[in-house]
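Below is one structure, written out as structure tokens, with a few remarks after it.
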Number of protein chains: 2
Amino acid sequence: MIYEPNQCPIRFGLGVFGDRWSLLIIRDLMFRGSTRFRDFLDADEGISTNVLSDRLSRLETHGIISRRRDQADGRQVRYQLTDKGKDLLPVMLTMFAWAERYDPETRVSGELADRIRTDLSAVCGEALAAMENADRIPVLPLLNGEMDDAGVDPARA
Amino acid sequence: MIYEPNQCPIRFGLGVFGDRWSLLIIRDLMFRGSTRFRDFLDADEGISTNVLSDRLSRLETHGIISRRRDQADGRQVRYQLTDKGKDLLPVMLTMFAWAERYDPETRVSGELADRIRTDLSAVCGEALAAMENADRIPVLPLLNGEMDDAGVDPARA
DNA sequence: AATAATAACTTGCATTTCACAAGTCATTAT
DNA sequence: ATAATGACTTGTGAAATGCAAGTTATTATT
């Protein structure tokens, strides 16, 4: 699995998340509020523990995620996206719009897909804000308009 | 390599191009003017013929590329992106912008990256137009401003 | 204080995928 | 007629993956 970056942006990207699982882990962090080892195992039923362990440490090495022990419970490790990881949001969202167009099963609303196509940076801003607020609250339903804003920040209600 | 689409846009995307080579093949078609089997072999030195063969037929099965025999030379097969494949342009370009920010080696100009971030659809339009015109003319240098417009359509000069 | 439970891994092994080299087959050039 | 080219296909060993089981550290229970 050796990618020569070779001055090519696509090759560089693939070197970081060009395997079967890394993007799913990033997705879980972005949109599903996953932060712990077990969260990822449960989210994509299919990944095995050794591969998950390997991918988490690779993503950390590449600076996509950070890792720290939970203060309250010393057994647990918390993972979260770095800025570099969060900056993959546009890539993820354009994939959303593409899948919405070509996969009938994909659960992304046409409205969201259109906004991604016409005003990506605005949607990114909203998603980013939702990620800040949301602790364990999945962001995707929110973007899809399936939740009202009250769900984002309970403290505000 | 079984991806359950599972209503998730990322999973759907990965099912189509979530391996080490498919995105590079798409890149070659989009930005490097590759159309033949050998073009891809030469472009990403590293892919082996059996894997290339497999990926090309998978991409065809997924409707990303089309395939036809060359009229002039019956030995050759020409591959080209379908609309579904061309619609991956926003995904590729957002990867450009991301790599530009985090990979010092990546050869994408800061100007292009900024335009991708602020006005993606416009850049997509330009790239698409360049792809129409360009037969064997690499599109990336054009987007990067490394070529003058005369290079795009020699007939116009 | 001892025992059990939980979280995050690591290890071993069978299966699958991959890279590399070589060979096949149809078409075109000499 | 012979050679060369383009697009593959077929083996084979190496690497990656999936699965089950085991390990370690920390927390909960008795």
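In the structure tokens, the first chain shown is A, the next is B, and so on; residue numbers restart at 1 for each chain, and ligands run from 1 in the order shown.
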Exercise. If we count only C-alpha atoms (C1' of nucleotides), which residues of chain B reach to within 10 Å of chain C? Please list them as a PyMOL selection string.
Worked result: chain B and resi 1+46-51+73-76
Residues just named, written with C-alpha atoms as a PDB file, in the first residue's frame:
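out35.pdb, written as the output of this step:
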```pdb
ATOM      1  CA  MET B   1     -15.044  -6.339  -1.357  1.00  0.00           C
ATOM      2  CA  GLY B  46       2.312   0.822 -10.654  1.00  0.00           C
ATOM      3  CA  ILE B  47      -1.024  -0.597 -11.655  1.00  0.00           C
ATOM      4  CA  SER B  48      -0.776  -4.061 -13.072  1.00  0.00           C
ATOM      5  CA  THR B  49      -2.567  -5.149 -16.197  1.00  0.00           C
ATOM      6  CA  ASN B  50      -4.908  -7.605 -14.521  1.00  0.00           C
ATOM      7  CA  VAL B  51      -6.029  -5.061 -11.967  1.00  0.00           C
ATOM      8  CA  ASP B  73      -7.509   0.847 -35.389  1.00  0.00           C
ATOM      9  CA  GLY B  74      -9.442  -2.262 -34.452  1.00  0.00           C
ATOM     10  CA  ARG B  75      -6.880  -3.313 -31.876  1.00  0.00           C
ATOM     11  CA  GLN B  76      -7.502  -0.352 -29.663  1.00  0.00           C
TER      12      GLN B  76
END
```
How would you write, as a PDB file with N, CA and C atoms, in the first residue's frame, the set of residues in chain B that DSSP gives as alpha helix (DSSP H)?
```pdb
ATOM      1  N   PRO B   9     -24.506   7.628   1.446  1.00  0.00           N
ATOM      2  CA  PRO B   9     -23.861   8.112   0.223  1.00  0.00           C
ATOM      3  C   PRO B   9     -22.375   7.773   0.161  1.00  0.00           C
ATOM      4  N   ILE B  10     -21.717   7.783   1.307  1.00  0.00           N
ATOM      5  CA  ILE B  10     -20.287   7.479   1.311  1.00  0.00           C
ATOM      6  C   ILE B  10     -20.056   6.009   0.980  1.00  0.00           C
ATOM      7  N   ARG B  11     -20.822   5.163   1.588  1.00  0.00           N
ATOM      8  CA  ARG B  11     -20.725   3.741   1.265  1.00  0.00           C
ATOM      9  C   ARG B  11     -20.998   3.489  -0.204  1.00  0.00           C
ATOM     10  N   PHE B  12     -21.973   4.197  -0.731  1.00  0.00           N
ATOM     11  CA  PHE B  12     -22.286   4.044  -2.152  1.00  0.00           C
ATOM     12  C   PHE B  12     -21.092   4.452  -3.012  1.00  0.00           C
ATOM     13  N   GLY B  13     -20.527   5.588  -2.676  1.00  0.00           N
ATOM     14  CA  GLY B  13     -19.357   6.053  -3.414  1.00  0.00           C
ATOM     15  C   GLY B  13     -18.208   5.060  -3.322  1.00  0.00           C
ATOM     16  N   LEU B  14     -17.953   4.587  -2.133  1.00  0.00           N
ATOM     17  CA  LEU B  14     -16.858   3.645  -1.945  1.00  0.00           C
ATOM     18  C   LEU B  14     -17.095   2.358  -2.725  1.00  0.00           C
ATOM     19  N   GLY B  15     -18.344   1.972  -2.852  1.00  0.00           N
ATOM     20  CA  GLY B  15     -18.650   0.777  -3.622  1.00  0.00           C
ATOM     21  C   GLY B  15     -18.266   0.924  -5.086  1.00  0.00           C
ATOM     22  N   VAL B  16     -18.211   2.160  -5.554  1.00  0.00           N
ATOM     23  CA  VAL B  16     -17.891   2.411  -6.956  1.00  0.00           C
ATOM     24  C   VAL B  16     -16.396   2.686  -7.152  1.00  0.00           C
ATOM     25  N   PHE B  17     -15.843   3.546  -6.296  1.00  0.00           N
ATOM     26  CA  PHE B  17     -14.442   3.932  -6.508  1.00  0.00           C
ATOM     27  C   PHE B  17     -13.623   3.864  -5.223  1.00  0.00           C
ATOM     28  N   SER B  22      -9.328   2.953  -8.823  1.00  0.00           N
ATOM     29  CA  SER B  22     -10.429   3.500  -9.630  1.00  0.00           C
ATOM     30  C   SER B  22     -10.375   5.013  -9.744  1.00  0.00           C
ATOM     31  N   LEU B  23     -10.125   5.690  -8.641  1.00  0.00           N
ATOM     32  CA  LEU B  23     -10.097   7.154  -8.683  1.00  0.00           C
ATOM     33  C   LEU B  23      -8.955   7.667  -9.560  1.00  0.00           C
ATOM     34  N   LEU B  24      -7.847   6.908  -9.581  1.00  0.00           N
ATOM     35  CA  LEU B  24      -6.720   7.326 -10.421  1.00  0.00           C
ATOM     36  C   LEU B  24      -7.063   7.178 -11.899  1.00  0.00           C
ATOM     37  N   ILE B  25      -7.805   6.134 -12.215  1.00  0.00           N
ATOM     38  CA  ILE B  25      -8.249   5.939 -13.600  1.00  0.00           C
ATOM     39  C   ILE B  25      -9.184   7.078 -14.004  1.00  0.00           C
ATOM     40  N   ILE B  26     -10.104   7.409 -13.094  1.00  0.00           N
ATOM     41  CA  ILE B  26     -11.024   8.513 -13.366  1.00  0.00           C
ATOM     42  C   ILE B  26     -10.251   9.821 -13.528  1.00  0.00           C
ATOM     43  N   ARG B  27      -9.269  10.020 -12.665  1.00  0.00           N
ATOM     44  CA  ARG B  27      -8.413  11.210 -12.786  1.00  0.00           C
ATOM     45  C   ARG B  27      -7.751  11.283 -14.154  1.00  0.00           C
ATOM     46  N   ASP B  28      -7.221  10.147 -14.603  1.00  0.00           N
ATOM     47  CA  ASP B  28      -6.550  10.127 -15.905  1.00  0.00           C
ATOM     48  C   ASP B  28      -7.510  10.502 -17.024  1.00  0.00           C
ATOM     49  N   LEU B  29      -8.741  10.011 -16.908  1.00  0.00           N
ATOM     50  CA  LEU B  29      -9.743  10.329 -17.924  1.00  0.00           C
ATOM     51  C   LEU B  29     -10.129  11.800 -17.874  1.00  0.00           C
ATOM     52  N   MET B  30     -10.207  12.347 -16.677  1.00  0.00           N
ATOM     53  CA  MET B  30     -10.655  13.727 -16.508  1.00  0.00           C
ATOM     54  C   MET B  30      -9.592  14.742 -16.874  1.00  0.00           C
ATOM     55  N   PHE B  31      -8.382  14.491 -16.382  1.00  0.00           N
ATOM     56  CA  PHE B  31      -7.381  15.559 -16.412  1.00  0.00           C
ATOM     57  C   PHE B  31      -6.176  15.271 -17.294  1.00  0.00           C
ATOM     58  N   PHE B  37      -6.083   1.651 -22.903  1.00  0.00           N
ATOM     59  CA  PHE B  37      -5.524   0.761 -21.892  1.00  0.00           C
ATOM     60  C   PHE B  37      -4.090   1.163 -21.524  1.00  0.00           C
ATOM     61  N   ARG B  38      -3.302   1.373 -22.550  1.00  0.00           N
ATOM     62  CA  ARG B  38      -1.897   1.669 -22.290  1.00  0.00           C
ATOM     63  C   ARG B  38      -1.698   3.037 -21.641  1.00  0.00           C
ATOM     64  N   ASP B  39      -2.580   3.965 -21.970  1.00  0.00           N
ATOM     65  CA  ASP B  39      -2.490   5.290 -21.350  1.00  0.00           C
ATOM     66  C   ASP B  39      -2.528   5.172 -19.832  1.00  0.00           C
ATOM     67  N   PHE B  40      -3.431   4.351 -19.336  1.00  0.00           N
ATOM     68  CA  PHE B  40      -3.577   4.215 -17.885  1.00  0.00           C
ATOM     69  C   PHE B  40      -2.363   3.515 -17.280  1.00  0.00           C
ATOM     70  N   LEU B  41      -1.870   2.519 -17.981  1.00  0.00           N
ATOM     71  CA  LEU B  41      -0.678   1.825 -17.502  1.00  0.00           C
ATOM     72  C   LEU B  41       0.480   2.804 -17.358  1.00  0.00           C
ATOM     73  N   ASP B  42       0.650   3.654 -18.351  1.00  0.00           N
ATOM     74  CA  ASP B  42       1.767   4.597 -18.333  1.00  0.00           C
ATOM     75  C   ASP B  42       1.551   5.710 -17.312  1.00  0.00           C
ATOM     76  N   ALA B  43       0.289   6.126 -17.157  1.00  0.00           N
ATOM     77  CA  ALA B  43      -0.001   7.277 -16.300  1.00  0.00           C
ATOM     78  C   ALA B  43       0.301   6.992 -14.838  1.00  0.00           C
ATOM     79  N   THR B  49      -1.597  -5.025 -15.107  1.00  0.00           N
ATOM     80  CA  THR B  49      -2.567  -5.149 -16.197  1.00  0.00           C
ATOM     81  C   THR B  49      -3.835  -5.873 -15.765  1.00  0.00           C
ATOM     82  N   ASN B  50      -3.702  -6.876 -14.930  1.00  0.00           N
ATOM     83  CA  ASN B  50      -4.908  -7.605 -14.521  1.00  0.00           C
ATOM     84  C   ASN B  50      -5.814  -6.736 -13.667  1.00  0.00           C
ATOM     85  N   VAL B  51      -5.219  -5.951 -12.797  1.00  0.00           N
ATOM     86  CA  VAL B  51      -6.029  -5.061 -11.967  1.00  0.00           C
ATOM     87  C   VAL B  51      -6.641  -3.958 -12.815  1.00  0.00           C
ATOM     88  N   LEU B  52      -5.870  -3.412 -13.729  1.00  0.00           N
ATOM     89  CA  LEU B  52      -6.416  -2.376 -14.607  1.00  0.00           C
ATOM     90  C   LEU B  52      -7.605  -2.926 -15.387  1.00  0.00           C
ATOM     91  N   SER B  53      -7.433  -4.088 -15.919  1.00  0.00           N
ATOM     92  CA  SER B  53      -8.519  -4.721 -16.676  1.00  0.00           C
ATOM     93  C   SER B  53      -9.766  -4.874 -15.813  1.00  0.00           C
ATOM     94  N   ASP B  54      -9.537  -5.341 -14.602  1.00  0.00           N
ATOM     95  CA  ASP B  54     -10.663  -5.540 -13.684  1.00  0.00           C
ATOM     96  C   ASP B  54     -11.345  -4.220 -13.345  1.00  0.00           C
ATOM     97  N   ARG B  55     -10.551  -3.181 -13.053  1.00  0.00           N
ATOM     98  CA  ARG B  55     -11.130  -1.904 -12.653  1.00  0.00           C
ATOM     99  C   ARG B  55     -11.890  -1.260 -13.810  1.00  0.00           C
ATOM    100  N   LEU B  56     -11.347  -1.390 -15.009  1.00  0.00           N
ATOM    101  CA  LEU B  56     -12.034  -0.799 -16.162  1.00  0.00           C
ATOM    102  C   LEU B  56     -13.401  -1.449 -16.356  1.00  0.00           C
ATOM    103  N   SER B  57     -13.447  -2.768 -16.208  1.00  0.00           N
ATOM    104  CA  SER B  57     -14.751  -3.400 -16.432  1.00  0.00           C
ATOM    105  C   SER B  57     -15.699  -3.110 -15.276  1.00  0.00           C
ATOM    106  N   ARG B  58     -15.156  -2.980 -14.071  1.00  0.00           N
ATOM    107  CA  ARG B  58     -16.022  -2.606 -12.953  1.00  0.00           C
ATOM    108  C   ARG B  58     -16.576  -1.190 -13.134  1.00  0.00           C
ATOM    109  N   LEU B  59     -15.708  -0.273 -13.534  1.00  0.00           N
ATOM    110  CA  LEU B  59     -16.172   1.098 -13.751  1.00  0.00           C
ATOM    111  C   LEU B  59     -17.212   1.143 -14.862  1.00  0.00           C
ATOM    112  N   GLU B  60     -17.036   0.287 -15.859  1.00  0.00           N
ATOM    113  CA  GLU B  60     -18.033   0.232 -16.927  1.00  0.00           C
ATOM    114  C   GLU B  60     -19.355  -0.320 -16.375  1.00  0.00           C
ATOM    115  N   THR B  61     -19.248  -1.370 -15.591  1.00  0.00           N
ATOM    116  CA  THR B  61     -20.440  -1.951 -14.977  1.00  0.00           C
ATOM    117  C   THR B  61     -21.192  -0.920 -14.135  1.00  0.00           C
ATOM    118  N   ASP B  83     -21.673  10.639 -18.269  1.00  0.00           N
ATOM    119  CA  ASP B  83     -22.116  11.781 -17.469  1.00  0.00           C
ATOM    120  C   ASP B  83     -21.971  11.482 -15.980  1.00  0.00           C
ATOM    121  N   LYS B  84     -22.296  10.260 -15.634  1.00  0.00           N
ATOM    122  CA  LYS B  84     -22.171   9.848 -14.238  1.00  0.00           C
ATOM    123  C   LYS B  84     -20.727   9.983 -13.763  1.00  0.00           C
ATOM    124  N   GLY B  85     -19.802   9.645 -14.636  1.00  0.00           N
ATOM    125  CA  GLY B  85     -18.391   9.784 -14.307  1.00  0.00           C
ATOM    126  C   GLY B  85     -17.971  11.248 -14.237  1.00  0.00           C
ATOM    127  N   LYS B  86     -18.436  12.030 -15.208  1.00  0.00           N
ATOM    128  CA  LYS B  86     -18.086  13.447 -15.218  1.00  0.00           C
ATOM    129  C   LYS B  86     -18.639  14.160 -13.982  1.00  0.00           C
ATOM    130  N   LEU B  89     -16.608  15.220 -10.935  1.00  0.00           N
ATOM    131  CA  LEU B  89     -15.702  16.364 -10.989  1.00  0.00           C
ATOM    132  C   LEU B  89     -15.680  17.161  -9.677  1.00  0.00           C
ATOM    133  N   PRO B  90     -16.809  17.495  -9.075  1.00  0.00           N
ATOM    134  CA  PRO B  90     -16.765  18.235  -7.808  1.00  0.00           C
ATOM    135  C   PRO B  90     -16.015  17.481  -6.711  1.00  0.00           C
ATOM    136  N   VAL B  91     -16.166  16.167  -6.694  1.00  0.00           N
ATOM    137  CA  VAL B  91     -15.442  15.377  -5.694  1.00  0.00           C
ATOM    138  C   VAL B  91     -13.944  15.491  -5.930  1.00  0.00           C
ATOM    139  N   MET B  92     -13.549  15.358  -7.182  1.00  0.00           N
ATOM    140  CA  MET B  92     -12.127  15.435  -7.497  1.00  0.00           C
ATOM    141  C   MET B  92     -11.568  16.821  -7.162  1.00  0.00           C
ATOM    142  N   LEU B  93     -12.297  17.849  -7.527  1.00  0.00           N
ATOM    143  CA  LEU B  93     -11.794  19.208  -7.335  1.00  0.00           C
ATOM    144  C   LEU B  93     -11.698  19.588  -5.861  1.00  0.00           C
ATOM    145  N   THR B  94     -12.659  19.129  -5.060  1.00  0.00           N
ATOM    146  CA  THR B  94     -12.544  19.412  -3.622  1.00  0.00           C
ATOM    147  C   THR B  94     -11.346  18.667  -3.026  1.00  0.00           C
ATOM    148  N   MET B  95     -11.029  17.521  -3.595  1.00  0.00           N
ATOM    149  CA  MET B  95      -9.806  16.843  -3.165  1.00  0.00           C
ATOM    150  C   MET B  95      -8.588  17.661  -3.573  1.00  0.00           C
ATOM    151  N   PHE B  96      -8.653  18.284  -4.736  1.00  0.00           N
ATOM    152  CA  PHE B  96      -7.570  19.176  -5.169  1.00  0.00           C
ATOM    153  C   PHE B  96      -7.322  20.249  -4.111  1.00  0.00           C
ATOM    154  N   ALA B  97      -8.404  20.905  -3.711  1.00  0.00           N
ATOM    155  CA  ALA B  97      -8.265  22.022  -2.784  1.00  0.00           C
ATOM    156  C   ALA B  97      -7.718  21.542  -1.444  1.00  0.00           C
ATOM    157  N   TRP B  98      -8.176  20.368  -1.034  1.00  0.00           N
ATOM    158  CA  TRP B  98      -7.711  19.838   0.250  1.00  0.00           C
ATOM    159  C   TRP B  98      -6.219  19.521   0.191  1.00  0.00           C
ATOM    160  N   ALA B  99      -5.812  18.866  -0.874  1.00  0.00           N
ATOM    161  CA  ALA B  99      -4.406  18.497  -1.021  1.00  0.00           C
ATOM    162  C   ALA B  99      -3.529  19.735  -1.146  1.00  0.00           C
ATOM    163  N   GLU B 100      -4.049  20.735  -1.839  1.00  0.00           N
ATOM    164  CA  GLU B 100      -3.273  21.969  -1.983  1.00  0.00           C
ATOM    165  C   GLU B 100      -2.937  22.557  -0.611  1.00  0.00           C
ATOM    166  N   ARG B 101      -3.900  22.433   0.315  1.00  0.00           N
ATOM    167  CA  ARG B 101      -3.701  23.011   1.637  1.00  0.00           C
ATOM    168  C   ARG B 101      -2.743  22.198   2.497  1.00  0.00           C
ATOM    169  N   TYR B 102      -2.760  20.876   2.324  1.00  0.00           N
ATOM    170  CA  TYR B 102      -2.032  20.035   3.278  1.00  0.00           C
ATOM    171  C   TYR B 102      -0.844  19.277   2.693  1.00  0.00           C
ATOM    172  N   GLY B 110      -2.540  27.902  -5.639  1.00  0.00           N
ATOM    173  CA  GLY B 110      -3.375  28.451  -4.586  1.00  0.00           C
ATOM    174  C   GLY B 110      -4.587  29.171  -5.155  1.00  0.00           C
ATOM    175  N   GLU B 111      -4.402  29.800  -6.298  1.00  0.00           N
ATOM    176  CA  GLU B 111      -5.528  30.498  -6.928  1.00  0.00           C
ATOM    177  C   GLU B 111      -6.632  29.511  -7.298  1.00  0.00           C
ATOM    178  N   LEU B 112      -6.246  28.427  -7.913  1.00  0.00           N
ATOM    179  CA  LEU B 112      -7.241  27.424  -8.292  1.00  0.00           C
ATOM    180  C   LEU B 112      -7.938  26.879  -7.053  1.00  0.00           C
ATOM    181  N   ALA B 113      -7.135  26.556  -6.042  1.00  0.00           N
ATOM    182  CA  ALA B 113      -7.715  26.018  -4.805  1.00  0.00           C
ATOM    183  C   ALA B 113      -8.735  26.986  -4.217  1.00  0.00           C
ATOM    184  N   ASP B 114      -8.391  28.275  -4.210  1.00  0.00           N
ATOM    185  CA  ASP B 114      -9.325  29.268  -3.666  1.00  0.00           C
ATOM    186  C   ASP B 114     -10.619  29.319  -4.475  1.00  0.00           C
ATOM    187  N   ARG B 115     -10.473  29.283  -5.778  1.00  0.00           N
ATOM    188  CA  ARG B 115     -11.676  29.326  -6.616  1.00  0.00           C
ATOM    189  C   ARG B 115     -12.530  28.081  -6.391  1.00  0.00           C
ATOM    190  N   ILE B 116     -11.892  26.954  -6.197  1.00  0.00           N
ATOM    191  CA  ILE B 116     -12.652  25.721  -5.914  1.00  0.00           C
ATOM    192  C   ILE B 116     -13.434  25.877  -4.615  1.00  0.00           C
ATOM    193  N   ARG B 117     -12.815  26.523  -3.632  1.00  0.00           N
ATOM    194  CA  ARG B 117     -13.481  26.690  -2.338  1.00  0.00           C
ATOM    195  C   ARG B 117     -14.626  27.683  -2.399  1.00  0.00           C
ATOM    196  N   THR B 118     -14.441  28.738  -3.184  1.00  0.00           N
ATOM    197  CA  THR B 118     -15.449  29.804  -3.166  1.00  0.00           C
ATOM    198  C   THR B 118     -16.475  29.671  -4.282  1.00  0.00           C
ATOM    199  N   LEU B 120     -17.134  26.647  -6.636  1.00  0.00           N
ATOM    200  CA  LEU B 120     -16.878  25.320  -7.205  1.00  0.00           C
ATOM    201  C   LEU B 120     -17.592  25.115  -8.532  1.00  0.00           C
ATOM    202  N   SER B 121     -18.868  25.511  -8.588  1.00  0.00           N
ATOM    203  CA  SER B 121     -19.637  25.190  -9.796  1.00  0.00           C
ATOM    204  C   SER B 121     -19.051  25.884 -11.024  1.00  0.00           C
ATOM    205  N   ALA B 122     -18.514  27.082 -10.837  1.00  0.00           N
ATOM    206  CA  ALA B 122     -17.896  27.777 -11.967  1.00  0.00           C
ATOM    207  C   ALA B 122     -16.675  27.014 -12.463  1.00  0.00           C
ATOM    208  N   VAL B 123     -15.834  26.586 -11.534  1.00  0.00           N
ATOM    209  CA  VAL B 123     -14.637  25.833 -11.926  1.00  0.00           C
ATOM    210  C   VAL B 123     -15.031  24.531 -12.608  1.00  0.00           C
ATOM    211  N   CYS B 124     -16.079  23.897 -12.110  1.00  0.00           N
ATOM    212  CA  CYS B 124     -16.559  22.668 -12.740  1.00  0.00           C
ATOM    213  C   CYS B 124     -16.956  22.934 -14.183  1.00  0.00           C
ATOM    214  N   GLY B 125     -17.668  24.043 -14.387  1.00  0.00           N
ATOM    215  CA  GLY B 125     -18.078  24.391 -15.746  1.00  0.00           C
ATOM    216  C   GLY B 125     -16.886  24.544 -16.671  1.00  0.00           C
ATOM    217  N   GLU B 126     -15.862  25.244 -16.192  1.00  0.00           N
ATOM    218  CA  GLU B 126     -14.666  25.432 -17.003  1.00  0.00           C
ATOM    219  C   GLU B 126     -13.966  24.116 -17.298  1.00  0.00           C
ATOM    220  N   ALA B 127     -13.843  23.309 -16.259  1.00  0.00           N
ATOM    221  CA  ALA B 127     -13.163  22.025 -16.430  1.00  0.00           C
ATOM    222  C   ALA B 127     -13.913  21.153 -17.423  1.00  0.00           C
ATOM    223  N   LEU B 128     -15.223  21.173 -17.322  1.00  0.00           N
ATOM    224  CA  LEU B 128     -16.052  20.376 -18.221  1.00  0.00           C
ATOM    225  C   LEU B 128     -15.861  20.824 -19.670  1.00  0.00           C
ATOM    226  N   ALA B 129     -15.849  22.143 -19.854  1.00  0.00           N
ATOM    227  CA  ALA B 129     -15.634  22.678 -21.197  1.00  0.00           C
ATOM    228  C   ALA B 129     -14.268  22.274 -21.727  1.00  0.00           C
ATOM    229  N   ALA B 130     -13.274  22.338 -20.839  1.00  0.00           N
ATOM    230  CA  ALA B 130     -11.919  21.961 -21.247  1.00  0.00           C
ATOM    231  C   ALA B 130     -11.860  20.485 -21.625  1.00  0.00           C
ATOM    232  N   MET B 131     -12.615  19.661 -20.893  1.00  0.00           N
ATOM    233  CA  MET B 131     -12.631  18.232 -21.191  1.00  0.00           C
ATOM    234  C   MET B 131     -13.255  17.968 -22.562  1.00  0.00           C
ATOM    235  N   GLU B 132     -14.268  18.737 -22.906  1.00  0.00           N
ATOM    236  CA  GLU B 132     -14.911  18.568 -24.208  1.00  0.00           C
ATOM    237  C   GLU B 132     -13.911  18.859 -25.323  1.00  0.00           C
ATOM    238  N   ASN B 133     -13.241  19.988 -25.169  1.00  0.00           N
ATOM    239  CA  ASN B 133     -12.292  20.408 -26.187  1.00  0.00           C
ATOM    240  C   ASN B 133     -11.067  19.520 -26.229  1.00  0.00           C
ATOM    241  N   VAL B 139      -5.955  18.575 -18.747  1.00  0.00           N
ATOM    242  CA  VAL B 139      -6.813  19.662 -18.306  1.00  0.00           C
ATOM    243  C   VAL B 139      -6.242  20.396 -17.089  1.00  0.00           C
ATOM    244  N   LEU B 140      -5.502  19.666 -16.270  1.00  0.00           N
ATOM    245  CA  LEU B 140      -5.037  20.270 -15.025  1.00  0.00           C
ATOM    246  C   LEU B 140      -4.148  21.494 -15.217  1.00  0.00           C
ATOM    247  N   PRO B 141      -3.136  21.410 -16.058  1.00  0.00           N
ATOM    248  CA  PRO B 141      -2.295  22.597 -16.274  1.00  0.00           C
ATOM    249  C   PRO B 141      -3.133  23.786 -16.716  1.00  0.00           C
ATOM    250  N   LEU B 142      -4.160  23.489 -17.495  1.00  0.00           N
ATOM    251  CA  LEU B 142      -5.061  24.546 -17.945  1.00  0.00           C
ATOM    252  C   LEU B 142      -5.756  25.203 -16.763  1.00  0.00           C
ATOM    253  N   LEU B 143      -6.343  24.395 -15.912  1.00  0.00           N
ATOM    254  CA  LEU B 143      -7.024  24.925 -14.741  1.00  0.00           C
ATOM    255  C   LEU B 143      -6.054  25.700 -13.861  1.00  0.00           C
TER     256      LEU B 143
END
```
Exercise. Which residues in stretch 2-114 of chain B does DSSP call strand (DSSP E or B)? List them as a list of chain:residue names.
Worked result: B:Glu45, B:Ile47, B:Ile65, B:Ser66, B:Arg67, B:Arg68, B:Arg69, B:Val77, B:Arg78, B:Tyr79, B:Gln80, B:Leu81
Selection export as a CSV table (one decimal), in the first residue's frame, atoms kept: C-alpha atoms:
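The resulting file, result-v7.csv, is reproduced below:
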```
chain,number,residue,atom,x,y,z
B,45,GLU,CA,3.2,3.4,-13.2
B,47,ILE,CA,-1.0,-0.6,-11.7
B,65,ILE,CA,-17.0,4.9,-18.1
B,66,SER,CA,-18.0,3.7,-21.6
B,67,ARG,CA,-16.0,1.5,-23.9
B,68,ARG,CA,-15.8,1.2,-27.6
B,69,ARG,CA,-13.4,-0.1,-30.2
B,77,VAL,CA,-10.3,0.2,-27.2
B,78,ARG,CA,-11.3,3.7,-26.2
B,79,TYR,CA,-12.6,4.5,-22.8
B,80,GLN,CA,-14.4,7.7,-21.8
B,81,LEU,CA,-16.3,9.1,-18.9
```
For this session: At a cut-off of 9 Å, list the chain D residues touching chain A, using only C-alpha atoms (C1' of nucleotides), as a ChimeraX atom specification.
Result: /D:15-19,25-27
Exercise. Atom CA of A:Gln7 and atom C1' of D:DA7, how far apart in Å?
Worked result: 29.2 Å
For this session: Record the distance separating atom CA of B:Arg20 and atom CA of B:Asp44, expressed in Å with one decimal.
Result: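 Rounded to one decimal, the two atoms are 11.3 Å apart.
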Exercise. What is the distance between atom CA of B:Arg32 and atom CA of A:Cys8, in Å to one decimal?
Worked result: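 Separation of atom CA of B:Arg32 and atom CA of A:Cys8: 11.6 Å.
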